[in-house]
Amino acid sequence: MHIVDGALAPSVIVAASAVSVGGLALGLKRLDAETLPRAGLLSAAFFVASLVQVPIGPSSVHLVLGGLAGLMLGWAAFPALAVALALQAVFFGFGGLTVLGVNTLTIAMPAVLVGLACRAGVRSGSAVLVPLSGAVAGGLSVALTTILVGAALAASGDAFIPAAKLVFLAHVPVMIAEALVTAAAVTLLAKVKPDAFGLPAGTTAGTEGLRHA
Amino acid sequence: MPTTRPGQPAIRSFADGPDTGPRRLDPRARVLAAVAFAVAVVALNGLPALVASVGVAFGLAVWARLPLRETAKRVAAMDGFILLTLVMLPFTTPPAAGTEPLFTLWGLPASREGLEHAVRIALKANAVILALLALVGTMRETVLGHALGRLGVPAKLVTLFLMTVRYIEVLHAEYGRLRWAMKARGFRPRTDLHTLKSLGHLVGMLLVRSLERSERVLAAMKCRGYTGRLPLLDTLRAGPADWAFGTAAAIACVLLVAADRLA
């Protein structure tokens with residue numbers, strides 16, 4: 001779900017980039033000396049996970065796992081996913097440069113919102129609610145991303161609307177795959193590492209706590 | 001996404017090429033030039049200026065001596081994303097009032113305006129990606145992080161960036177080991193629930209190991225006096241060649257836009 005350079009109207013790029021900067025600022029505010037390594041390692045892990053190919057019939061798709069990133073990182077998923085997208089643009093040629101803010105917004109905003117909404121469910125410890133919340137987070141984040149991508153295209157020209165609708169339909173299998181993969185991953189994490197969802201609390205002291213440690 | 005095999009790095013940067021062309025220039029100048037070029041290209045309207053900008057980007061790629069096959073693969077991957085959208089554009093754009101459709105395919109009229117729009121997007125996207133690969137894709141990930149820090153990107157974001165690129169290869173190797181173990185137990189990806197569940201557990205396990213590693217990393221870093229940011233030790237100094245390159249890049253961008261507006 002990458003938009004490339006040259007497709008969007010300048011007003012759409014400016015507006016989306018401005019919102020992205022806001023999201024980045026909010027996310028960076030949540031990060032301090034204690035939580036930065038955790039966010040960095042998870043950002044790297046999500047980058048690696050996005051290399052995993054899921055076969056769908058004769059074709060295959062790659063995982064995005066935005067919903068899982070939102071569950072584990074909250075607002076810090078915004079900068080973490082922005083870093084991953086910047087690396088993909090520069091070293092893989094995916095997406096583009098002027099649309100980096102747009103691509104960050106379309107992937108990170110659903111990830112954060114869905115992650116925050118479903119976090120209580122994955123922390124509940126219930127055998128039904130944990131995988132269900134994971135599935136909703138995984139599937140819904142992809143759905144919202146395709147809707148945002150479609151909206152960005154539609155706002156840039158009516159001629160894009162049929163393509164945007166087709167992109168949404170083409171991503172229905174991806175939504176199902178993401179939902180099931182996220183459900184399985186969340187179930188395992190809830191059992192093995194229950195504190196995985198959300199950054200550890202009580203670290204707001206920042207580097208102060210570190211200096212006295 | 002590029003498929004990766006065990007033992008292959010996850011990020012295959014073009015930094016290892018011959019130490020000529022853009023690789024010898026100040027990374028800050030290259031980042032700024034790539035951004036300026038991208039903004040200029042996106043602002044272009046006319047086809048002649050767009051073709052010229054693809055020519056400039058191609059020239060940069062040759063100057064950087066990018067490997068042909070790998071570069072073509074990456075550019076083609078990007079084109080794959082937009083193919084569907086571009087192919088649909090001529091059929092979804094109504095022709096200008098009073099003009100005939102350009103051609104008709106299976107009863108669907110295609111407009112000249114839509115085709116031109118699609119061609120413009122394709123030229124812009126390819127020009128920007130090619131220039132980005134040539135100027136920024138030819139530096140090490142850590143060098144890019146330091147350059148961004150020196151260009152005023154917030155310290156926390158730079159630290160996050162540097163930690164991410166530091167551990168991508170480590171975790172990619174971890175992923176490779178988990179994947180080998182699954183293969184040894186007879187796992188073959190198919191289109192079924194079992195595959196999705198297994199891949200979910202694989203991702204979950206990768207994240208568990210990442211979290212546990214992050215705790216060890218934090219402890220080790222605290223030991224060494226970490227207080228929340230990584231110092232940028234490299235001393236970047238722009239020399240005459242860097243200034244010359246920066247000036248030439250600025251002039252080229254202004255010329256492209258001016259020629260486009262005057263045409």
# chains A, B, ... in the order shown; residues from 1 in each chain; ligands from 1

$ closest_atom_pairs --of "chain B" --to "chain A" --cutoff "6 Å" --atoms "only C-alpha atoms" --output "tab-separated table"
residue	atom	partner	partner_atom	distance
B:Ser13	CA	A:Phe91	CA	5.9
B:Val42	CA	A:Gly6	CA	5.2
B:Arg74	CA	A:Gly93	CA	5.6
B:Met78	CA	A:Phe94	CA	5.4
B:Thr85	CA	A:Ala163	CA	5.4
B:Thr92	CA	A:Ala159	CA	5.0
B:Thr93	CA	A:Ala159	CA	5.0
B:Ile121	CA	A:Gly6	CA	5.0
B:Lys124	CA	A:Gly6	CA	5.3
B:Ala125	CA	A:Asp5	CA	4.7
B:Ile129	CA	A:Gly93	CA	5.9
B:Gly137	CA	A:Phe91	CA	5.3
B:Leu160	CA	A:Gly40	CA	5.2
B:Phe161	CA	A:Val83	CA	5.9
B:Met163	CA	A:Gly40	CA	5.0
B:Thr164	CA	A:Ala44	CA	4.7
B:Tyr167	CA	A:Ala44	CA	5.9
B:Ile168	CA	A:Ala44	CA	4.7
B:His172	CA	A:Val48	CA	5.8
B:Arg190	CA	A:Pro55	CA	5.9
B:Thr191	CA	A:Ile56	CA	5.3
B:Leu196	CA	A:Val181	CA	5.3
B:Lys197	CA	A:Ala184	CA	5.4
B:Gly200	CA	A:Val181	CA	4.2
B:His201	CA	A:Ala185	CA	5.0
B:Gly204	CA	A:Ala185	CA	4.3
B:Ser210	CA	A:Leu41	CA	5.8
B:Ser214	CA	A:Arg38	CA	5.1
B:Thr227	CA	A:Thr207	CA	5.6
B:Gly228	CA	A:Ala33	CA	3.8

$ select_by_dssp --residues "stretch 13-134 of chain A" --states "strand (DSSP E or B)" --output "compact mmCIF listing (two decimals) with N, CA and C atoms, in the first residue's frame"
# COMPACT_ATOMS: atom_id res chain seq x y z
N GLN A 53 6.50 -13.37 3.29
CA GLN A 53 5.51 -13.51 2.22
C GLN A 53 4.45 -14.52 2.64
N VAL A 54 3.19 -14.15 2.42
CA VAL A 54 2.08 -15.05 2.70
C VAL A 54 1.50 -15.49 1.36
N PRO A 55 1.51 -16.80 1.07
CA PRO A 55 0.94 -17.23 -0.21
C PRO A 55 -0.57 -17.07 -0.21
N ILE A 56 -1.09 -16.45 -1.26
CA ILE A 56 -2.55 -16.39 -1.46
C ILE A 56 -2.80 -16.90 -2.87
N SER A 59 -0.48 -16.29 -6.10
CA SER A 59 0.30 -15.09 -5.82
C SER A 59 0.71 -15.08 -4.36
N SER A 60 1.36 -14.02 -3.92
CA SER A 60 1.66 -13.89 -2.49
C SER A 60 1.67 -12.43 -2.12
N VAL A 61 1.39 -12.15 -0.85
CA VAL A 61 1.42 -10.78 -0.36
C VAL A 61 2.39 -10.72 0.81
N HIS A 62 2.84 -9.51 1.13
CA HIS A 62 3.72 -9.41 2.29
C HIS A 62 2.94 -8.87 3.48

$ select_by_dssp --residues "stretch 53-116 of chain A" --states "alpha helix (DSSP H)" --output "ChimeraX atom specification"
/A:66-73,77-87,100-116

$ atom_distance --atom1 "atom CA of B:Gly55" --atom2 "atom CA of A:Ile13"
25.2 Å

$ decode --residues "stretch 101-126 of chain B" --atoms "C-alpha atoms" --output "short mmCIF file (atom, residue, chain, number, x, y, z; two decimals), in the first residue's frame"
data_model
loop_
_atom_site.label_atom_id
_atom_site.label_comp_id
_atom_site.auth_asym_id
_atom_site.auth_seq_id
_atom_site.Cartn_x
_atom_site.Cartn_y
_atom_site.Cartn_z
CA PRO B 101 -11.87 9.20 -27.42
CA LEU B 102 -8.28 8.26 -28.26
CA PHE B 103 -9.13 4.58 -28.77
CA THR B 104 -11.69 2.06 -27.60
CA LEU B 105 -10.87 -1.20 -25.86
CA TRP B 106 -13.64 -3.79 -25.42
CA GLY B 107 -16.18 -1.03 -25.83
CA LEU B 108 -14.47 1.21 -23.26
CA PRO B 109 -13.43 4.62 -24.54
CA ALA B 110 -9.98 5.84 -23.51
CA SER B 111 -9.27 9.56 -23.31
CA ARG B 112 -6.10 11.35 -24.36
CA GLU B 113 -6.19 13.37 -21.11
CA GLY B 114 -6.22 10.20 -19.00
CA LEU B 115 -3.38 8.64 -20.94
CA GLU B 116 -1.28 11.80 -20.57
CA HIS B 117 -2.02 11.90 -16.85
CA ALA B 118 -0.89 8.28 -16.47
CA VAL B 119 2.30 8.92 -18.44
CA ARG B 120 3.06 12.00 -16.31
CA ILE B 121 2.70 10.02 -13.07
CA ALA B 122 4.87 7.18 -14.38
CA LEU B 123 7.63 9.59 -15.48
CA LYS B 124 7.58 11.49 -12.16
CA ALA B 125 7.59 8.36 -9.99
CA ASN B 126 10.44 6.76 -11.94
#
